[in-house]
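A.B. asks: Structure: work_39.txt, compact mmCIF, C-alpha atoms.
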# COMPACT_ATOMS: atom_id res chain seq x y z
CA MET A 1 -12.41 12.83 -0.10
CA GLY A 2 -10.93 13.84 -3.43
CA GLY A 3 -13.00 15.98 -5.71
CA SER A 4 -11.93 14.46 -9.00
CA SER A 5 -13.41 11.13 -10.04
CA SER A 6 -15.02 9.38 -12.98
CA ASN A 7 -18.22 7.40 -13.37
CA LYS A 8 -18.56 3.73 -12.49
CA ILE A 9 -15.75 1.71 -14.06
CA VAL A 10 -15.12 -1.93 -14.79
CA VAL A 11 -12.80 -3.39 -12.17
CA ARG A 12 -9.54 -4.66 -13.55
CA GLN A 13 -6.35 -5.91 -11.90
CA GLU A 14 -3.35 -3.58 -11.62
CA SER A 15 -5.33 -0.59 -12.88
CA TRP A 16 -2.93 1.82 -11.20
CA THR A 17 -0.91 4.16 -13.36
CA LYS A 18 2.07 4.95 -11.12
CA CYS A 19 4.66 2.85 -9.39
CA PHE A 20 5.97 2.42 -5.90
CA VAL A 21 5.91 -1.33 -5.75
CA GLN A 22 5.88 -3.35 -8.93
CA LYS A 23 2.58 -5.12 -8.33
CA ASP A 24 -0.61 -4.66 -6.38
CA TYR A 25 -0.24 -5.72 -2.75
CA LEU A 26 -3.89 -6.84 -2.59
CA ASP A 27 -4.20 -10.36 -3.94
CA ASN A 28 -6.33 -10.56 -7.12
CA PHE A 29 -8.29 -7.42 -6.35
CA ASP A 30 -10.82 -8.27 -9.08
CA ASN A 31 -11.93 -11.40 -7.23
CA GLN A 32 -11.93 -9.77 -3.81
CA TYR A 33 -14.17 -7.01 -5.14
CA SER A 34 -16.37 -9.52 -7.00
CA ASN A 35 -16.78 -11.60 -3.84
CA GLN A 36 -17.66 -8.40 -2.03
CA LYS A 37 -20.53 -7.78 -4.46
CA LYS A 38 -21.75 -11.37 -4.08
CA GLN A 39 -21.94 -10.90 -0.30
CA GLN A 40 -24.18 -7.92 -0.88
CA GLN A 41 -26.60 -9.99 -2.96
CA LYS A 42 -26.68 -13.07 -0.73
CA SER A 43 -26.04 -13.40 2.98
CA LYS A 44 -23.41 -15.87 4.05
CA LYS A 45 -24.66 -19.33 5.04
CA PRO A 46 -23.58 -20.89 8.39
CA GLU A 47 -21.82 -23.76 6.63
CA ASP A 48 -19.86 -21.23 4.57
CA SER A 49 -18.56 -19.68 7.77
CA LYS A 50 -17.40 -23.10 8.95
CA GLN A 51 -15.74 -23.74 5.65
CA SER A 52 -14.03 -20.34 5.73
CA LYS A 53 -12.79 -21.01 9.26
CA SER A 54 -11.44 -24.38 8.20
CA SER A 55 -9.70 -22.79 5.22
CA GLN A 56 -8.08 -20.20 7.48
CA GLN A 57 -6.85 -22.93 9.83
CA ALA A 58 -5.48 -24.87 6.86
CA ASN A 59 -3.65 -21.79 5.58
CA GLN A 60 -2.15 -21.21 9.00
CA GLN A 61 -0.91 -24.79 9.11
CA GLN A 62 0.80 -24.30 5.75
CA GLN A 63 2.89 -21.44 7.05
CA PRO A 64 6.44 -22.74 7.55
CA ILE A 65 7.50 -20.12 10.07
CA LYS A 66 6.69 -21.08 13.64
CA GLN A 67 9.68 -19.88 15.64
CA ILE A 68 8.79 -16.18 15.71
CA GLN A 69 5.66 -14.08 15.96
CA PRO A 70 5.09 -10.89 13.92
CA LYS A 71 5.13 -7.56 15.73
CA GLN A 72 1.79 -6.58 14.20
CA THR A 73 -1.50 -8.44 14.15
CA ASN A 74 -2.78 -9.91 10.91
CA THR A 75 -4.43 -7.68 8.34
CA LYS A 76 -8.11 -6.87 8.46
CA GLN A 77 -10.59 -9.69 8.14
CA ASN A 78 -11.40 -10.84 4.60
CA LEU A 79 -8.43 -8.95 3.12
CA LYS A 80 -5.96 -11.13 1.23
CA LEU A 81 -2.47 -9.89 0.38
CA ALA A 82 -0.57 -10.80 -2.77
CA ASP A 83 1.80 -13.78 -2.91
CA TRP A 84 4.83 -11.51 -3.28
CA VAL A 85 4.24 -10.10 0.22
CA TRP A 86 6.21 -12.00 2.88
CA PRO A 87 3.61 -13.63 5.20
CA GLY A 88 3.32 -11.93 8.55
CA GLY A 89 6.15 -9.56 7.62
CA ILE A 90 8.65 -12.25 8.65
CA ILE A 91 11.81 -12.63 6.56
CA PRO A 92 13.81 -15.88 7.08
CA TYR A 93 17.41 -15.32 5.99
CA LEU A 94 20.88 -16.88 5.75
CA ILE A 95 24.31 -15.27 5.42
CA ASP A 96 26.78 -16.89 3.06
CA GLU A 97 30.24 -17.65 4.45
CA SER A 98 31.69 -15.27 1.83
CA PHE A 99 30.40 -12.29 3.82
CA THR A 100 33.21 -10.38 5.58
CA GLN A 101 32.94 -9.19 9.17
CA GLN A 102 32.28 -5.62 8.03
CA MET A 103 29.49 -6.81 5.73
CA ARG A 104 27.92 -8.78 8.57
CA GLU A 105 27.96 -5.68 10.75
CA TYR A 106 26.31 -3.59 8.02
CA LEU A 107 23.63 -6.22 7.50
CA SER A 108 22.99 -6.50 11.23
CA GLN A 109 22.65 -2.72 11.44
CA ALA A 110 20.23 -2.69 8.48
CA ILE A 111 18.07 -5.42 10.00
CA GLN A 112 18.00 -3.51 13.26
CA GLU A 113 16.80 -0.38 11.45
CA PHE A 114 14.04 -2.30 9.68
CA GLU A 115 12.85 -3.91 12.90
CA GLU A 116 12.93 -0.69 14.92
CA LYS A 117 11.10 1.44 12.35
CA THR A 118 8.71 -1.01 10.65
CA PRO A 119 6.53 -4.06 11.47
CA LEU A 120 9.08 -6.40 9.82
CA ARG A 121 10.83 -9.23 11.66
CA PHE A 122 13.97 -10.96 10.37
CA LEU A 123 14.65 -14.54 11.39
CA GLN A 124 18.17 -15.90 10.91
CA ILE A 125 17.81 -19.61 10.14
CA SER A 126 20.18 -22.59 10.01
CA ASP A 127 18.22 -25.10 7.93
CA TYR A 128 16.78 -23.63 4.73
CA GLN A 129 14.89 -26.86 3.97
CA GLU A 130 12.35 -26.01 6.64
CA TYR A 131 11.16 -22.95 4.71
CA ASP A 132 9.23 -22.50 1.50
CA GLN A 133 11.04 -19.23 0.80
CA TYR A 134 14.03 -17.57 2.38
CA VAL A 135 16.62 -14.85 1.66
CA LYS A 136 20.33 -15.49 1.39
CA TYR A 137 22.96 -12.73 1.34
CA TYR A 138 26.09 -13.28 -0.79
CA ARG A 139 29.25 -11.27 -1.30
CA ASN A 140 29.51 -10.26 -4.95
CA GLU A 141 33.00 -10.28 -6.43
CA GLU A 142 31.88 -8.00 -9.25
CA SER A 143 31.48 -4.26 -8.74
CA SER A 144 27.71 -4.32 -8.36
CA SER A 145 24.90 -5.25 -6.01
CA TYR A 146 21.56 -6.71 -7.05
CA VAL A 147 18.71 -9.15 -6.45
CA LYS A 148 17.20 -11.64 -8.88
CA TRP A 149 13.56 -10.99 -7.99
CA ILE A 150 11.62 -8.10 -6.56
CA GLY A 151 9.40 -9.31 -3.76
CA ARG A 152 8.74 -12.87 -2.62
CA SER A 153 8.56 -15.46 -5.40
CA THR A 154 6.46 -18.55 -4.66
CA SER A 155 8.18 -20.41 -7.53
CA HIS A 156 11.64 -20.03 -6.00
CA GLN A 157 12.87 -21.08 -2.58
CA GLU A 158 16.07 -19.07 -2.32
CA HIS A 159 15.98 -15.30 -2.83
CA ALA A 160 19.60 -14.32 -3.37
CA VAL A 161 20.95 -10.86 -2.55
CA PHE A 162 24.39 -10.04 -3.99
CA ILE A 163 26.33 -7.17 -2.43
CA ASN A 164 29.82 -5.93 -3.22
CA GLU A 165 31.91 -5.57 -0.06
CA THR A 166 33.03 -2.02 -0.96
CA TYR A 167 29.45 -0.70 -1.06
CA PRO A 168 28.12 1.49 1.80
CA TYR A 169 25.65 0.65 4.55
CA GLY A 170 22.65 1.99 2.63
CA THR A 171 23.12 -0.69 -0.03
CA TYR A 172 21.97 -3.32 2.46
CA LEU A 173 18.78 -1.34 3.05
CA HIS A 174 18.30 -0.78 -0.68
CA GLU A 175 18.67 -4.39 -1.79
CA THR A 176 16.53 -5.65 1.08
CA MET A 177 13.80 -3.21 0.02
CA HIS A 178 13.85 -4.94 -3.38
CA ILE A 179 13.35 -8.27 -1.62
CA LEU A 180 10.35 -6.73 0.18
CA GLY A 181 8.81 -5.81 -3.18
CA PHE A 182 9.83 -2.19 -3.74
CA ALA A 183 11.06 -0.85 -7.08
CA HIS A 184 13.36 2.11 -7.81
CA GLU A 185 11.80 5.45 -6.98
CA GLN A 186 12.99 7.04 -10.23
CA CYS A 187 10.95 4.42 -12.12
CA ARG A 188 7.65 5.99 -11.11
CA GLN A 189 5.43 7.21 -13.90
CA ASP A 190 5.41 10.75 -12.50
CA ARG A 191 9.20 11.07 -12.21
CA ASP A 192 9.40 13.52 -15.17
CA GLN A 193 7.92 16.21 -12.91
CA TYR A 194 11.04 16.00 -10.74
CA VAL A 195 13.95 14.69 -12.81
CA SER A 196 15.06 14.47 -16.44
CA VAL A 197 16.43 11.13 -17.66
CA GLN A 198 18.50 10.89 -20.82
CA PHE A 199 20.81 8.32 -22.40
CA SER A 200 23.31 8.16 -25.21
CA GLU A 201 23.71 5.41 -27.79
CA LYS A 202 26.74 4.16 -25.88
CA ASP A 203 24.80 3.49 -22.68
CA SER A 204 24.06 -0.18 -22.07
CA LYS A 205 20.63 -1.78 -21.91
CA LYS A 206 21.40 -2.83 -18.36
CA LEU A 207 21.92 0.81 -17.36
CA LYS A 208 18.77 1.98 -19.12
CA HIS A 209 16.79 -0.75 -17.37
CA GLN A 210 17.53 0.89 -14.00
CA TYR A 211 15.56 3.96 -15.10
CA GLU A 212 12.68 2.41 -17.05
CA LYS A 213 9.25 3.54 -15.94
CA ILE A 214 7.16 0.75 -14.42
CA GLN A 215 3.42 0.36 -14.83
CA GLY A 216 3.03 -0.72 -11.24
CA LEU A 217 1.49 0.54 -8.01
CA MET A 218 2.35 3.86 -6.41
CA LEU A 219 1.25 5.16 -3.03
CA GLY A 220 2.47 8.32 -1.37
CA GLU A 221 4.21 11.31 -2.87
CA TYR A 222 7.37 11.19 -4.99
CA ASP A 223 10.22 10.75 -2.54
CA PRO A 224 13.64 12.11 -3.61
CA ASP A 225 14.96 11.07 -0.18
CA SER A 226 13.98 7.42 -0.60
CA ILE A 227 16.65 4.76 -0.12
CA MET A 228 15.32 3.44 -3.45
CA HIS A 229 16.14 6.62 -5.39
CA TYR A 230 19.38 6.84 -7.37
CA ARG A 231 21.64 9.84 -6.93
CA LEU A 232 21.73 12.45 -9.66
CA ASN A 233 24.27 11.73 -12.39
CA LYS A 234 24.96 12.36 -16.08
CA ASN A 235 21.90 10.28 -16.99
CA MET A 236 19.53 11.84 -14.46
CA THR A 237 19.34 15.53 -13.52
CA SER A 238 16.81 17.40 -11.41
CA LYS A 239 14.26 19.89 -12.70
CA ASP A 240 15.15 23.53 -12.11
CA GLN A 241 12.53 24.01 -9.39
CA TYR A 242 14.07 21.13 -7.41
CA LYS A 243 17.73 22.07 -7.69
CA ASN A 244 17.96 22.51 -3.92
CA LEU A 245 16.66 19.03 -3.14
CA GLN A 246 18.90 16.04 -2.52
CA PHE A 247 18.01 13.09 -4.72
CA GLY A 248 19.08 9.69 -3.48
CA GLN A 249 20.92 8.76 -0.29
CA ARG A 250 22.31 5.58 1.23
CA LYS A 251 22.18 6.36 4.94
CA PHE A 252 18.69 5.54 6.26
CA LEU A 253 15.12 4.60 5.43
CA SER A 254 13.16 7.71 4.51
CA ASP A 255 9.75 8.51 5.96
CA GLY A 256 8.23 7.46 2.62
CA ASP A 257 10.07 4.12 2.72
CA ILE A 258 8.83 3.44 6.24
CA LYS A 259 5.22 4.29 5.43
CA GLY A 260 5.30 2.11 2.32
CA ILE A 261 6.42 -0.87 4.42
CA GLN A 262 3.82 -0.09 7.08
CA LEU A 263 1.02 -0.02 4.52
CA ILE A 264 1.88 -3.41 3.02
CA TYR A 265 3.22 -5.25 6.07
CA GLY A 266 1.43 -3.49 8.95
CA LYS A 267 -1.83 -4.23 10.70
CA SER A 268 -3.87 -1.86 8.52
CA GLN A 269 -3.91 -1.44 4.75
CA CYS A 270 -6.11 1.65 4.95
CA THR A 271 -4.32 4.47 3.16
CA PHE A 272 -5.54 7.04 5.70
CA ASP A 273 -4.16 5.05 8.64
CA ILE A 274 -0.70 5.33 7.05
CA TYR A 275 -0.64 8.55 5.02
CA GLY A 276 -3.30 10.58 6.83
CA ASP A 277 -5.34 13.19 4.97
CA LYS A 278 -2.83 13.70 2.17
CA TYR A 279 -4.63 13.69 -1.13
CA MET A 280 -3.31 10.97 -3.43
CA GLU A 281 -4.24 9.44 -6.75
CA GLN A 282 -5.92 6.12 -6.00
CA ASP A 283 -8.96 3.98 -6.67
CA PHE A 284 -11.73 4.30 -4.08
CA PHE A 285 -15.21 2.98 -3.29
CA GLU A 286 -18.37 5.01 -3.12
CA CYS A 287 -20.57 3.23 -0.58
CA ILE A 288 -24.24 3.62 -1.47
CA THR A 289 -25.34 1.70 1.62
CA CYS A 290 -23.65 4.06 4.08
CA TRP A 291 -23.48 7.43 2.38
CA GLY A 292 -25.72 7.38 -0.68
CA GLN A 293 -24.72 8.00 -4.28
CA GLY A 294 -22.81 11.19 -5.03
CA SER A 295 -21.93 11.87 -1.38
CA VAL A 296 -18.76 13.59 -0.21
CA PHE A 297 -17.42 10.37 1.32
CA GLY A 298 -15.35 7.50 -0.02
CA ALA A 299 -13.42 4.46 1.22
CA CYS A 300 -10.04 3.21 0.03
CA ARG A 301 -9.86 -0.22 -1.56
CA ALA A 302 -8.91 -2.00 1.67
CA CYS A 303 -11.73 -0.39 3.66
CA GLY A 304 -14.20 -1.15 0.89
CA ILE A 305 -13.44 -4.86 1.16
CA THR A 306 -13.35 -4.93 4.96
CA CYS A 307 -15.31 -2.16 6.70
CA HIS A 308 -17.98 -2.06 3.98
CA SER A 309 -18.24 -5.78 3.36
CA GLY A 310 -21.61 -6.68 1.84
CA HIS A 311 -22.51 -3.07 1.05
CA GLU A 312 -23.54 -1.65 -2.31
CA LEU A 313 -20.32 -0.20 -3.72
CA ILE A 314 -19.15 1.59 -6.85
CA LEU A 315 -15.45 1.54 -7.69
CA LYS A 316 -14.13 4.88 -8.93
CA LYS A 317 -10.87 6.64 -9.68
CA ALA A 318 -9.69 9.89 -8.17
CA LYS A 319 -6.75 12.14 -8.93
CA SER A 320 -7.01 13.51 -5.41
CA PHE A 321 -8.44 11.40 -2.59
CA TYR A 322 -7.99 10.34 1.02
CA CYS A 323 -10.01 7.67 2.79
CA ASP A 324 -12.93 9.05 4.81
CA CYS A 325 -13.52 5.64 6.37
CA GLY A 326 -10.08 5.80 7.98
CA LYS A 327 -10.41 9.48 8.89
CA TYR A 328 -13.52 8.82 10.93
CA LYS A 329 -12.03 5.74 12.58
CA HIS A 330 -13.78 3.27 10.28
CA THR A 331 -17.26 4.39 11.32
CA THR A 332 -19.97 4.08 8.69
CA GLN A 333 -23.13 6.10 8.02
CA LEU A 334 -21.57 9.50 8.69
CA CYS A 335 -23.69 12.64 8.59
CA THR A 336 -22.29 15.24 6.20
CA ARG A 337 -23.09 18.04 8.63
CA LYS A 338 -21.10 16.45 11.44
CA THR A 339 -18.05 15.56 9.40
CA THR A 340 -17.60 18.45 6.98
CA SER A 341 -17.23 22.22 7.21
CA PHE A 342 -20.22 22.80 4.92
CA LYS A 343 -22.31 25.87 5.78
CA ARG A 344 -25.91 26.51 4.81
CA GLN A 345 -25.60 27.42 1.13
CA THR A 346 -28.10 25.58 -1.02
CA HIS A 347 -31.27 26.68 0.81
CA ASP A 348 -32.34 29.06 3.55
CA GLY A 349 -33.81 26.42 5.84
CA ALA A 350 -37.42 27.08 4.94
CA THR A 351 -37.43 23.62 3.33
CA PRO A 352 -35.17 21.49 5.52
CA GLY A 353 -33.22 18.63 3.99
CA VAL A 354 -31.30 15.65 5.31
CA CYS A 355 -28.34 13.72 3.97
CA TYR A 356 -28.60 10.07 3.00
CA PRO A 357 -27.18 8.57 6.26
CA CYS A 358 -29.62 10.65 8.32
CA ALA A 359 -32.48 9.65 6.06
CA MET A 360 -31.65 5.98 6.66
CA LYS A 361 -31.06 6.24 10.41
CA CYS A 362 -33.17 9.09 11.74
CA HIS A 363 -35.96 9.35 9.17
CA LYS A 364 -36.27 5.79 7.92
CA GLN A 365 -40.03 5.55 8.65
CA HIS A 366 -40.81 9.07 7.44
CA ASN A 367 -42.28 10.26 4.17
CA LEU A 368 -39.19 11.30 2.20
CA LYS A 369 -38.64 12.71 -1.26
CA LEU A 370 -35.27 12.38 -2.97
CA GLN A 371 -34.15 15.75 -4.27
CA GLY A 372 -30.94 14.55 -5.93
CA VAL A 373 -27.32 15.54 -5.51
CA ALA A 374 -26.48 19.04 -4.22
CA SER A 375 -23.06 20.64 -4.09
CA GLY A 376 -22.03 21.78 -0.62
CA PHE A 377 -25.26 20.50 0.92
CA TYR A 378 -26.05 21.34 4.56
CA CYS A 379 -27.82 18.58 6.52
CA ASP A 380 -30.49 19.94 8.86
CA CYS A 381 -30.60 16.71 10.86
CA GLY A 382 -27.08 16.05 12.03
CA LEU A 383 -27.57 12.33 12.75
CA ASN A 384 -27.56 12.91 16.51
CA ALA A 385 -29.95 15.87 16.45
CA CYS A 386 -33.06 13.71 16.20
CA LYS A 387 -33.95 10.15 17.13
CA THR A 388 -37.57 9.22 16.43
CA ALA A 389 -39.12 12.51 15.33
CA CYS A 390 -38.09 15.20 12.87
CA LYS A 391 -36.51 18.16 14.62
CA ALA A 392 -34.89 19.87 11.65
CA LYS A 393 -35.32 23.64 11.74
What does this structure look like when you write it as structure tokens?

C.D. replies:
Amino acid sequence: MGGSSSNKIVVRQESWTKCFVQKDYLDNFDNQYSNQKKQQQKSKKPEDSKQSKSSQQANQQQQPIKQIQPKQTNTKQNLKLADWVWPGGIIPYLIDESFTQQMREYLSQAIQEFEEKTPLRFLQISDYQEYDQYVKYYRNEESSSYVKWIGRSTSHQEHAVFINETYPYGTYLHETMHILGFAHEQCRQDRDQYVSVQFSEKDSKKLKHQYEKIQGLMLGEYDPDSIMHYRLNKNMTSKDQYKNLQFGQRKFLSDGDIKGIQLIYGKSQCTFDIYGDKYMEQDFFECITCWGQGSVFGACRACGITCHSGHELILKKAKSFYCDCGKYKHTTQLCTRKTTSFKRQTHDGATPGVCYPCAMKCHKQHNLKLQGVASGFYCDCGLNACKTACKAK
């Protein structure tokens, strides 16, 4: 996991400092984490399970979409997604009669690209009254394309997308990404490392708004190739070290766009399952139950709520982190010797030591003495090296 983190912090909603989507995709993370801590203190009663099952059935009955099934299974158990996320990754949509034949072909091509590369499914409907929320595509007579809301709005039924007929194919991808909840890439808080943005007094507020930094949620690296990134212009120029990069395109969904959709709308919200072992700035959980305090392991927010449900957790921040829970296929109680490249450094073996998971599994009935946290510690047990008797050498 990442090597840079702070002490225990107070959990607060939308504590992220960079943007990729405007809001957290985990619904009311404060409450989900708080409920997680309550489970640790008190086991769940049988009647609670029945009530939870009934609530799930009730929620399923409230879903208006019945004609199509999502390509991916539902998210992990106990993990609730935010209201702005389209349920099941299914997007009901209508096309206004103002759309020309060419515009219909572009939209059809865009939908095909989304469905082939991501877990999303688009459902063309005929009766909008059957749906709580739906998307409708309009031809815009003005020389612009836009949406009224980013992401799904539970307070509005129709989510209008306005597109000018002279705009290229990529515009249909771009505006639909807004509907899915994604903001402009150049609005990330770390954009100044890659581009310089400047305006004159003559520039309109509407133009400046397109470049305003957003205090939202960012996952993944800065993506100049994103369909959500504007092209370079008089208001936005690249840094000298990135002069050879192309910023902004309107031809296809970038790898970063696809992974962002997969994380929010796919079957797993584990950051490792989507981004692999790339170090990223993100909140993470230290699981005392599985790995002990101060261990080398950590779990992303989604895994903390699901895989480590009921465990003793501490929420931390890291400038550089990837999810160990996902890396080791969501297996808990991992021995540090088996899962790291640590060599014997802190002692010569004359006084063998074991990591916390081995102490709990292999040496639980033994006379143990806690020595504290050691940097680069080498576990003499190995989790599988002993079963009922100490065999550390």

A.B. asks: With range 312-315 of chain A as the partner and 9 Å as the cut-off, tabulate the residues of range 276-302 of chain A that qualify, each row holding the nearest pair of atoms and their distance in Å to one decimal, using all atoms listed in the file, sorted by chain and rising number, as a Markdown table.

C.D. replies:
| residue | atom | partner | partner_atom | distance |
| --- | --- | --- | --- | --- |
| A:Asp283 | CA | A:Leu315 | CA | 7.0 |
| A:Phe284 | CA | A:Leu315 | CA | 5.9 |
| A:Phe285 | CA | A:Leu315 | CA | 4.6 |
| A:Glu286 | CA | A:Ile314 | CA | 5.1 |
| A:Cys287 | CA | A:Leu313 | CA | 4.7 |
| A:Ile288 | CA | A:Glu312 | CA | 5.4 |
| A:Thr289 | CA | A:Glu312 | CA | 5.5 |
| A:Cys290 | CA | A:Glu312 | CA | 8.6 |
| A:Gln293 | CA | A:Ile314 | CA | 8.9 |
| A:Arg301 | CA | A:Leu315 | CA | 8.5 |

A.B. asks: As an exercise, work out the distance from CA of Gly372 in chain A to CA of His330 in chain A in Å and give it to one decimal place.

C.D. replies: 26.2 Å

A.B. asks: One number please: CA of Asp223 in chain A to CA of Glu185 in chain A, in Å, one decimal.

C.D. replies: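 CA of Glu185 in chain A lies 7.1 Å from CA of Asp223 in chain A.
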
A.B. asks: Name the closest residue to Met218 in chain A among the candidates A:Phe247, A:Tyr131, A:Tyr194, A:Tyr25; distances are taken between atoms, counting only C-alpha atoms.

C.D. replies: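 Of all the options, A:Tyr25 lies closest to Met218 in chain A.
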
A.B. asks: Give the answer as one residue: which of A:Gln157, A:Asp380, A:Tyr172, A:Phe272 has the shortest atom-to-atom distance to Gln112 in chain A, using only C-alpha atoms?

C.D. replies: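 Distance minimum relative to Gln112 in chain A lands on A:Tyr172.
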
A.B. asks: Restricting the calculation to all atoms listed in the file, which member of A:Leu173, A:Lys317, A:Lys117, A:His178 is positioned closest to Lys148 in chain A?

C.D. replies: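 For Lys148 in chain A, the nearest of the given residues is A:His178.
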
A.B. asks: Enumerate, as a list of chain:residue names, the protein, DNA and RNA residues whose atoms approach (5.9, -2.4, 6.2) to within 10 Å, taking into account all atoms listed in the file and the coordinate frame of the file.

C.D. replies: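 Nearby residues: A:Gln72, A:Val85, A:Gly89, A:Phe114, A:Glu115, A:Lys117, A:Thr118, A:Pro119, A:Leu120, A:Leu180, A:Asp257, A:Ile258, A:Lys259, A:Gly260, A:Ile261, A:Gln262, A:Leu263, A:Ile264, A:Tyr265, A:Gly266, A:Lys267, A:Gln269.
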
A.B. asks: What's the separation between CA of Tyr322 in chain A and CA of Leu219 in chain A, in Å to one decimal place?

C.D. replies: 11.3 Å

A.B. asks: Is it possible to get the axis-aligned box enclosing range 280-287 of chain A (all listed atoms, 3 Å extra per side) as lines of an AutoDock Vina configuration file, with centre and edge lengths in Å rounded to one decimal?

C.D. replies:
center_x = -11.9
center_y = 7.0
center_z = -3.7
size_x = 23.3
size_y = 14.0
size_z = 12.2

A.B. asks: Nearest to Glu130 in chain A among A:Lys202, A:Gly151, A:Glu158, A:Ile214, with distances taken over all atoms listed in the file: which residue is it?

C.D. replies: A:Glu158

A.B. asks: Around (12.3, 20.6, -14.1), as given in the file, which residues come within 12 Å? Count only C-alpha atoms and list them as a ChimeraX atom specification.

C.D. replies: /A:191-197,236-245

A.B. asks: Find the residues near Tyr106 in chain A: any atom within 8 Å, counting all atoms listed in the file, skip ones fewer than 3 places away on the same chain, and give them as a ChimeraX atom specification.

C.D. replies: /A:102-103,109-110,169,172

A.B. asks: For Thr331 in chain A, work out the shell of residues within 10 Å, counting only C-alpha atoms and skipping chain neighbours fewer than 5 positions away, then give it as an MDAnalysis selection string.

C.D. replies: chainID A and resid 290 307:308 324:326

A.B. asks: With distances taken over only C-alpha atoms, which of A:Met177, A:Met228, A:Ile90, A:Cys355 is nearest to Trp291 in chain A?

C.D. replies: A:Cys355

A.B. asks: Which residue is closest to Ser226 in chain A? Choose from A:Ala183, A:Ile111, A:Ala299, A:Leu368 and count only C-alpha atoms.

C.D. replies: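 Comparing A:Ala183, A:Ile111, A:Ala299, A:Leu368 against Ser226 in chain A, the winner is A:Ala183.
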
A.B. asks: Which polymer residues have any atom within 10 Å of an atom of Glu221 in chain A, counting only C-alpha atoms, with same-chain residues fewer than 6 positions away left out, as a VMD selection string?

C.D. replies: chain A and resid 20 190 256 275 278 to 281

A.B. asks: Which residues are close to range 137-142 of chain A, i.e. within 10 Å by only C-alpha atoms, leaving aside same-chain residues fewer than 3 positions away? Reply as a list in words.

C.D. replies: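 The residues satisfying every condition are Tyr93, Leu94, Ile95, Asp96, Glu97, Ser98, Phe99, Thr100, Met103, Arg104, Leu107, Ser145, Tyr146, Val147, His159, Ala160, Val161, Phe162, Ile163, Asn164, Glu165, Thr166, Tyr172, Glu175 and Thr176 of chain A.
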
A.B. asks: Take the residues just selected and output them with C-alpha atoms as a PDB file, in the coordinates of the input.

C.D. replies:
ATOM      1  CA  TYR A  93      17.410 -15.320   5.990  1.00  0.00           C
ATOM      2  CA  LEU A  94      20.880 -16.880   5.750  1.00  0.00           C
ATOM      3  CA  ILE A  95      24.310 -15.270   5.420  1.00  0.00           C
ATOM      4  CA  ASP A  96      26.780 -16.890   3.060  1.00  0.00           C
ATOM      5  CA  GLU A  97      30.240 -17.650   4.450  1.00  0.00           C
ATOM      6  CA  SER A  98      31.690 -15.270   1.830  1.00  0.00           C
ATOM      7  CA  PHE A  99      30.400 -12.290   3.820  1.00  0.00           C
ATOM      8  CA  THR A 100      33.210 -10.380   5.580  1.00  0.00           C
ATOM      9  CA  MET A 103      29.490  -6.810   5.730  1.00  0.00           C
ATOM     10  CA  ARG A 104      27.920  -8.780   8.570  1.00  0.00           C
ATOM     11  CA  LEU A 107      23.630  -6.220   7.500  1.00  0.00           C
ATOM     12  CA  SER A 145      24.900  -5.250  -6.010  1.00  0.00           C
ATOM     13  CA  TYR A 146      21.560  -6.710  -7.050  1.00  0.00           C
ATOM     14  CA  VAL A 147      18.710  -9.150  -6.450  1.00  0.00           C
ATOM     15  CA  HIS A 159      15.980 -15.300  -2.830  1.00  0.00           C
ATOM     16  CA  ALA A 160      19.600 -14.320  -3.370  1.00  0.00           C
ATOM     17  CA  VAL A 161      20.950 -10.860  -2.550  1.00  0.00           C
ATOM     18  CA  PHE A 162      24.390 -10.040  -3.990  1.00  0.00           C
ATOM     19  CA  ILE A 163      26.330  -7.170  -2.430  1.00  0.00           C
ATOM     20  CA  ASN A 164      29.820  -5.930  -3.220  1.00  0.00           C
ATOM     21  CA  GLU A 165      31.910  -5.570  -0.060  1.00  0.00           C
ATOM     22  CA  THR A 166      33.030  -2.020  -0.960  1.00  0.00           C
ATOM     23  CA  TYR A 172      21.970  -3.320   2.460  1.00  0.00           C
ATOM     24  CA  GLU A 175      18.670  -4.390  -1.790  1.00  0.00           C
ATOM     25  CA  THR A 176      16.530  -5.650   1.080  1.00  0.00           C
TER      26      THR A 176
END
